[in-house]
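K.L.:
For reference, this is upload.cif, and it has mmCIF, C-alpha atoms.
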```
data_protein
#
loop_
_atom_site.label_atom_id
_atom_site.label_comp_id
_atom_site.auth_asym_id
_atom_site.auth_seq_id
_atom_site.Cartn_x
_atom_site.Cartn_y
_atom_site.Cartn_z
CA MET V 24 121.38 199.64 -8.11
CA LYS V 25 118.04 201.53 -8.04
CA ARG V 26 116.23 198.23 -8.60
CA LEU V 27 117.98 196.69 -5.54
CA ILE V 28 116.93 199.62 -3.33
CA VAL V 29 113.30 199.35 -4.44
CA LEU V 30 113.30 195.58 -3.94
CA SER V 31 114.78 195.99 -0.45
CA ALA V 32 112.12 198.56 0.47
CA VAL V 33 109.30 196.30 -0.73
CA LEU V 34 110.71 193.36 1.20
CA ALA V 35 111.09 195.45 4.39
CA LEU V 36 107.48 196.68 4.18
CA SER V 37 106.20 193.15 3.53
CA VAL V 38 107.99 191.76 6.58
CA ALA V 39 106.77 194.66 8.73
CA MET V 40 103.13 193.91 7.80
CA ILE V 41 103.18 190.20 8.80
CA PRO V 42 102.47 190.65 12.56
CA LEU V 43 99.71 193.15 11.80
CA SER V 44 97.94 190.83 9.34
CA ARG V 45 98.11 187.90 11.78
CA ALA V 46 96.62 189.98 14.58
CA GLN V 47 93.79 191.20 12.35
CA GLY V 48 93.04 187.63 11.25
CA MET V 49 92.22 186.60 14.85
CA GLY V 50 89.56 189.32 15.26
CA GLY V 51 86.57 187.21 14.25
CA MET V 52 87.73 183.91 15.77
CA ASP V 53 85.42 182.23 18.28
CA MET V 54 87.61 181.42 21.31
CA LYS V 55 84.95 179.41 23.19
CA GLY V 56 86.05 175.92 24.10
CA MET V 57 89.73 176.60 23.50
CA ASP V 58 92.26 175.52 26.15
CA MET V 59 93.77 178.96 26.87
CA GLY V 60 95.98 177.56 29.66
CA LYS V 61 93.32 176.16 31.97
CA ASP V 62 94.50 174.26 35.03
CA LYS V 63 95.20 170.71 33.82
CA LYS V 64 94.72 169.27 37.33
CA SER V 65 91.01 170.06 37.20
CA GLU V 66 90.71 168.38 33.80
CA ALA V 67 92.93 165.36 34.44
CA LYS V 68 91.92 162.23 32.56
CA SER V 69 91.01 159.29 34.77
CA HIS V 70 92.60 155.86 34.27
CA LYS V 71 91.59 152.44 35.62
CA GLY V 72 93.75 149.59 36.79
CA ALA V 73 93.56 146.29 38.65
CA GLY V 74 96.18 144.49 40.66
CA THR V 75 97.43 143.17 43.97
CA VAL V 76 98.50 145.39 46.86
CA ARG V 77 102.15 144.83 47.74
CA LYS V 78 102.71 147.53 50.37
CA VAL V 79 100.70 150.17 52.24
CA ASP V 80 102.52 153.25 53.58
CA ARG V 81 99.91 154.83 55.84
CA ALA V 82 102.20 157.59 57.11
CA GLY V 83 103.18 158.63 53.60
CA GLY V 84 99.71 158.18 52.09
CA LYS V 85 101.03 155.79 49.44
CA VAL V 86 100.29 152.27 48.24
CA THR V 87 102.37 149.97 46.04
CA ILE V 88 100.37 147.83 43.62
CA ALA V 89 101.45 145.07 41.23
CA HIS V 90 99.04 146.04 38.47
CA GLY V 91 98.21 144.63 35.07
CA PRO V 92 98.55 146.61 31.84
CA ILE V 93 96.88 150.04 31.75
CA PRO V 94 96.08 150.70 28.08
CA THR V 95 95.06 154.36 28.53
CA MET V 96 98.58 155.10 29.81
CA LYS V 97 100.27 152.61 27.44
CA TRP V 98 101.80 150.92 30.49
CA PRO V 99 102.71 147.25 30.72
CA ALA V 100 102.11 145.26 33.90
CA MET V 101 104.43 146.43 36.68
CA ASN V 102 104.84 147.21 40.38
CA MET V 103 104.16 150.88 41.06
CA THR V 104 103.69 153.19 44.02
CA PHE V 105 100.68 155.51 43.91
CA THR V 106 99.66 158.37 46.19
CA VAL V 107 96.09 158.30 47.52
CA LYS V 108 93.88 161.37 47.12
CA ASP V 109 92.38 160.94 50.57
CA LYS V 110 94.17 159.04 53.35
CA ALA V 111 90.78 157.59 54.32
CA LEU V 112 91.12 155.39 51.21
CA LEU V 113 94.10 153.64 52.80
CA GLY V 114 91.66 151.61 54.93
CA LYS V 115 90.55 149.83 51.74
CA PHE V 116 94.09 148.59 51.03
CA SER V 117 95.84 145.67 52.72
CA GLN V 118 98.84 143.60 51.64
CA ASP V 119 98.03 140.87 49.07
CA LYS V 120 94.47 142.18 48.54
CA LYS V 121 93.24 142.31 44.92
CA VAL V 122 91.88 145.75 44.03
CA GLU V 123 90.42 147.73 41.16
CA PHE V 124 91.37 151.39 41.28
CA GLU V 125 90.96 154.66 39.44
CA PHE V 126 93.72 157.26 39.28
CA VAL V 127 94.75 160.52 37.66
CA GLU V 128 98.12 161.94 36.69
CA GLN V 129 98.96 165.12 38.59
CA ALA V 130 102.28 166.69 37.62
CA SER V 131 104.78 163.87 38.10
CA ASP V 132 102.58 161.93 40.53
CA TYR V 133 99.85 159.32 40.04
CA VAL V 134 96.97 159.75 42.49
CA ILE V 135 94.37 157.08 43.30
CA LYS V 136 90.95 158.67 43.69
CA SER V 137 88.83 155.54 44.18
CA VAL V 138 89.24 151.83 44.94
CA LYS V 139 87.04 148.69 44.96
#
```
Taking this structure as input, can you express it in the form of structure tokens?
P.N.:
Amino acid sequence: MKRLIVLSAVLALSVAMIPLSRAQGMGGMDMKGMDMGKDKKSEAKSHKGAGTVRKVDRAGGKVTIAHGPIPTMKWPAMNMTFTVKDKALLGKFSQDKKVEFEFVEQASDYVIKSVK
């Protein structure tokens, strides 16, 4: 019985020391360059696509494009509606026009930031 009490005390002390040892282990760590919850919108990766304009919604600031595969997103060819970053870009889109475009993912939206 005495052996069980001693073993229980040792186990309890060992478990109590775990958070303390983890905190001490971080003391000398260089945190430069680590993510630390930065705003992902400012660091969004840019993707490129090419396709044919199917529809332009000037009031909504959106354009529907039948685009080819986009390897950086692992997307097959499809029709998709994108938002434009700046409504001034809408002047570069017209139905049935072939375009090359660059976009970013922002939350659950895909935003075109440039077009050729």
K.L.:
Looking at only C-alpha atoms, which of V:Lys71, V:Asp132, V:Lys78, V:Gly114 is the one that sits closest to V:Pro94?
P.N.:
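Nearest to V:Pro94: V:Lys71.
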K.L.:
What is the atom CA of V:Glu125-atom CA of V:Val79 distance in Å, reported with one decimal?
P.N.:
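The value is 16.7 Å.
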K.L.:
Run the PyMOL selection byres ((chain V and resi 138) around 9) on the file and write out the hits as an mmCIF file with C-alpha atoms, in the frame of the given file.
P.N.:
```cif
data_model
loop_
_atom_site.group_PDB
_atom_site.id
_atom_site.type_symbol
_atom_site.label_atom_id
_atom_site.label_comp_id
_atom_site.auth_asym_id
_atom_site.auth_seq_id
_atom_site.Cartn_x
_atom_site.Cartn_y
_atom_site.Cartn_z
ATOM 1 C CA LEU V 112 91.120 155.390 51.210
ATOM 2 C CA LYS V 115 90.550 149.830 51.740
ATOM 3 C CA PHE V 116 94.090 148.590 51.030
ATOM 4 C CA VAL V 122 91.880 145.750 44.030
ATOM 5 C CA GLU V 123 90.420 147.730 41.160
ATOM 6 C CA PHE V 124 91.370 151.390 41.280
ATOM 7 C CA GLU V 125 90.960 154.660 39.440
ATOM 8 C CA ILE V 135 94.370 157.080 43.300
ATOM 9 C CA LYS V 136 90.950 158.670 43.690
ATOM 10 C CA SER V 137 88.830 155.540 44.180
ATOM 11 C CA LYS V 139 87.040 148.690 44.960
#
```
K.L.:
Report the distance between atom CA of V:His70 and atom CA of V:Lys121 in Å, rounded to one decimal place.
P.N.:
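Pair atom CA of V:His70 / atom CA of V:Lys121 returns 17.2 Å.
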K.L.:
Written as an NGL selection string, which residues does the PyMOL selection byres ((chain V and resi 87) around 8) give for the file shown?
P.N.:
:V and (76-79 or 85-86 or 88-89 or 102-105)
K.L.:
Enter the distance from atom CA of V:Met101 to atom CA of V:Ala82, in Å, rounded to one decimal.
P.N.:
23.4 Å
K.L.:
Skip V:His90 itself and residues of its chain fewer than 4 positions away, then list as an NGL selection string all residues within 7 Å of it, counting all atoms listed in the file.
P.N.:
:V and (72-75 or 100-102)
K.L.:
How would the residues just chosen look if you wrote them out with C-alpha atoms as a JSON list (two decimals), in the frame of the given file?
P.N.:
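The resulting result08.json:
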```
[["chain", "number", "residue", "atom", "x", "y", "z"],
["V", 72, "GLY", "CA", 93.75, 149.59, 36.79],
["V", 73, "ALA", "CA", 93.56, 146.29, 38.65],
["V", 74, "GLY", "CA", 96.18, 144.49, 40.66],
["V", 75, "THR", "CA", 97.43, 143.17, 43.97],
["V", 100, "ALA", "CA", 102.11, 145.26, 33.90],
["V", 101, "MET", "CA", 104.43, 146.43, 36.68],
["V", 102, "ASN", "CA", 104.84, 147.21, 40.38]]
```
K.L.:
In terms of the shortest atom-to-atom distance over only C-alpha atoms, which of V:Phe126, V:Val134, V:Gly83, V:Thr95 is closest to V:Val107?
P.N.:
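Using only C-alpha atoms, V:Val107 sits closest to V:Val134.
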K.L.:
Between V:Leu113, V:Pro99, V:Gly91, V:Ser69, which has the minimum distance to V:Glu128 (counting all atoms listed in the file)?
P.N.:
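Among V:Leu113, V:Pro99, V:Gly91, V:Ser69, it is V:Ser69 that comes nearest to V:Glu128.
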K.L.:
Between V:Ala67, V:Trp98, V:Thr106, V:Asp80, which is the closest to V:Gln118 once you count all atoms listed in the file?
P.N.:
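Smallest separation from V:Gln118 among the options: V:Asp80.
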